[in-house]
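Participant: Before I ask anything, here is the structure I am working with.
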Amino acid sequence: SANKPVLLTGAAGNLGRWLRPRLIEKYGSLLSTDIVDGGPVNPGEEYVLADLADGTAIDRLVARSSKIIHLGAVSIEKSFMTILSANYMGTFHVFEAAKQHGVKRIVFASSNHVIGFHETTTELDAESVMRPDGFYGVSKAFGENLASLYHDKHGLEIACLRIGSALPEPLDIRHLSTWLSLPDLLQLIDDCLTAPNLGFEIVYGASNNDRGWWDNSKTKAVKFQPKDNSEIFAEKLMPGGKDPRDQSDPAVKFQGGPFCK
Ligand code: 15L
């Protein structure tokens, strides 16, 4: 399996597009997939159109891969039925194929929306109870539980990244707490793919933000040390240190922000 490429689902998304050339640089080759065209294909990359709901197509891709970075999903709040195929069936297809083909190491893009209904005054860690803030958050909670099952029953090693707001830079006050810089995201994925014994882990994906809410100290197998800090954008987003937001607005009160409305 050493010569097989890493499989990336969700390759056409914002994160996938930024990551692809950098993953090729790190791992030598990449098997990229999405349901839509993902723009120019890089040297060292093969791009295959596939629907995560198509178990046969996903099985074929997983059979050819050494490790998996599973980002593919409906990534915002939508109706339950809209989320069902990619997020539930898709994640099942990825994990089940990994079990069938002995692909042991998976990075699963979970989300802060698994815990979105915790208040912003609460610091969370990997053992905090889930409080999903919508059908999207519930689908990511399902993915984490499915990962736990495939670890305990079948020995897969899966990191569930509770990604905050992975963006080139923070765009609002909430992002000062949730921002994950793209270089820190790449480092986090690499830390998870290269950890000697991963097991099943939950890792919060945020940069080293002064205003962060999440503590990774209970996540033992992954030594993620983010480098960036949203504080350099604080004056721009909160001139004079003033927070003009209505603190009783659910989008302000809860960690999931606008998803909690
Ligand atoms: C997510 O999970 C979404 O995929 C992304 O679009 C952002 O909304 C992010 O969370 C966030 O909470 O900022």
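Residue numbering restarts at 1 for every chain of the structure tokens, chains are lettered A, B, ... in their displayed order, and ligands are numbered from 1 as they appear.
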Residues within 6 Å of ligand 1 should be enumerated using only C-alpha atoms and all ligand atoms and returned as a PDB file with C-alpha atoms, in the first residue's frame.
Facilitator:
```pdb
ATOM      1  CA  SER A  75     -21.018  21.378   4.429  1.00  0.00           C
ATOM      2  CA  ILE A  76     -23.757  23.745   5.568  1.00  0.00           C
ATOM      3  CA  SER A 111     -17.253  20.044  12.466  1.00  0.00           C
ATOM      4  CA  HIS A 113     -21.401  22.107  14.633  1.00  0.00           C
ATOM      5  CA  GLY A 164     -13.898  25.488  13.367  1.00  0.00           C
ATOM      6  CA  SER A 165     -13.822  28.019  10.522  1.00  0.00           C
ATOM      7  CA  GLY A 256     -22.192  27.251  16.345  1.00  0.00           C
TER       8      GLY A 256
END
```
Participant: Can you tell me which residues surround Cys160 in chain A at a distance of at most 12 Å, considering only C-alpha atoms, apart from same-chain residues fewer than 3 positions away, and format the answer as a ChimeraX atom specification?
Facilitator: /A:69-71,91,105-112,114,126,140-148,151,157,163,188-189,192-193,198-205,219,222
Participant: List the spatial neighbours of Ala206 in chain A as a list of chain:residue names - criterion: any atom at most 6 Å away, only C-alpha atoms, same-chain residues fewer than 6 positions off excluded.
Facilitator: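 Result of the neighbour search: A:Gly164, A:Thr178, A:Trp179, A:Leu180.
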Participant: Would you give me, as number ranges by chain, the residues in range 22-258 of chain A that DSSP reads as strand (DSSP E)?
Facilitator: A: 30-34, 45-49, 67-70, 105-111, 157-163, 165-166, 179-180, 200-205
Participant: Write to file, as a PDB file, in the first residue's frame, the residues of the selection just made, with C-alpha atoms.
Facilitator:
```pdb
ATOM      1  CA  LEU A  30      -3.150  12.027  -4.758  1.00  0.00           C
ATOM      2  CA  LEU A  31      -6.386  10.369  -5.849  1.00  0.00           C
ATOM      3  CA  SER A  32      -8.958  13.138  -5.773  1.00  0.00           C
ATOM      4  CA  THR A  33     -12.707  12.763  -6.012  1.00  0.00           C
ATOM      5  CA  ASP A  34     -15.809  14.907  -5.886  1.00  0.00           C
ATOM      6  CA  GLU A  45      -2.955  13.814  -9.180  1.00  0.00           C
ATOM      7  CA  GLU A  46      -5.746  11.716 -10.631  1.00  0.00           C
ATOM      8  CA  TYR A  47      -9.232  13.206 -10.458  1.00  0.00           C
ATOM      9  CA  VAL A  48     -12.272  10.920 -10.526  1.00  0.00           C
ATOM     10  CA  LEU A  49     -15.865  12.157 -10.554  1.00  0.00           C
ATOM     11  CA  LYS A  67      -4.938   6.471   3.412  1.00  0.00           C
ATOM     12  CA  ILE A  68      -8.064   8.610   3.225  1.00  0.00           C
ATOM     13  CA  ILE A  69      -8.843  12.264   3.835  1.00  0.00           C
ATOM     14  CA  HIS A  70     -12.651  12.383   3.856  1.00  0.00           C
ATOM     15  CA  ARG A 105      -5.878   5.435   8.443  1.00  0.00           C
ATOM     16  CA  ILE A 106      -8.637   7.980   7.885  1.00  0.00           C
ATOM     17  CA  VAL A 107      -8.957  11.680   8.580  1.00  0.00           C
ATOM     18  CA  PHE A 108     -12.644  12.579   8.805  1.00  0.00           C
ATOM     19  CA  ALA A 109     -13.684  16.221   8.520  1.00  0.00           C
ATOM     20  CA  SER A 110     -16.171  16.587  11.344  1.00  0.00           C
ATOM     21  CA  SER A 111     -17.253  20.044  12.466  1.00  0.00           C
ATOM     22  CA  GLU A 157      -7.663   4.410  12.899  1.00  0.00           C
ATOM     23  CA  ILE A 158      -9.737   7.532  12.459  1.00  0.00           C
ATOM     24  CA  ALA A 159      -9.216  11.153  13.470  1.00  0.00           C
ATOM     25  CA  CYS A 160     -12.408  13.220  13.632  1.00  0.00           C
ATOM     26  CA  LEU A 161     -11.475  16.841  13.071  1.00  0.00           C
ATOM     27  CA  ARG A 162     -13.992  19.186  14.667  1.00  0.00           C
ATOM     28  CA  ILE A 163     -13.031  21.956  12.300  1.00  0.00           C
ATOM     29  CA  SER A 165     -13.822  28.019  10.522  1.00  0.00           C
ATOM     30  CA  ALA A 166     -11.140  27.009   8.029  1.00  0.00           C
ATOM     31  CA  TRP A 179     -10.556  30.291  12.955  1.00  0.00           C
ATOM     32  CA  LEU A 180      -8.351  27.522  11.578  1.00  0.00           C
ATOM     33  CA  PHE A 200      -9.986   6.866  17.448  1.00  0.00           C
ATOM     34  CA  GLU A 201      -9.433  10.529  18.188  1.00  0.00           C
ATOM     35  CA  ILE A 202     -11.455  13.710  18.323  1.00  0.00           C
ATOM     36  CA  VAL A 203      -9.374  16.796  17.574  1.00  0.00           C
ATOM     37  CA  TYR A 204     -10.607  20.372  17.527  1.00  0.00           C
ATOM     38  CA  GLY A 205      -9.414  22.132  14.403  1.00  0.00           C
TER      39      GLY A 205
END
```
Participant: Could you pull out the helix (DSSP H, G or I) residues of range 32-104 of chain A, going by DSSP on the backbone, and write them as a ChimeraX atom specification?
Facilitator: /A:55-63,80-101
Participant: Which residue is closest to Pro168 in chain A? Choose from A:Pro226, A:Gly257, A:Pro183, A:Pro40 and count only C-alpha atoms.
Facilitator: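 Once distances to Pro168 in chain A are computed over only C-alpha atoms, the minimum belongs to A:Pro183.
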Participant: For Arg174 in chain A, which residue out of A:Asn216, A:Ser139, A:Ala251, A:Leu186 is the nearest one, using only C-alpha atoms?
Facilitator: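 With only C-alpha atoms as the atom set, the closest residue is A:Ala251.
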Participant: Please report the interatomic distance between CA of Tyr88 in chain A and CA of Gly155 in chain A in Å with one decimal.
Facilitator: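 Straight-line distance from CA of Tyr88 in chain A to CA of Gly155 in chain A works out to 20.5 Å.
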Participant: Using only C-alpha atoms, can you tell me which of A:Thr82, A:Thr9, A:Asn229, A:Gln255 comes closest to Glu169 in chain A?
Facilitator: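 Looking at the shortest contact to Glu169 in chain A, the residue is A:Asn229.
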Participant: Grab the CA of Met89 in chain A to CA of Asp51 in chain A distance for me, in Å with one decimal place.
Facilitator: 10.2 Å
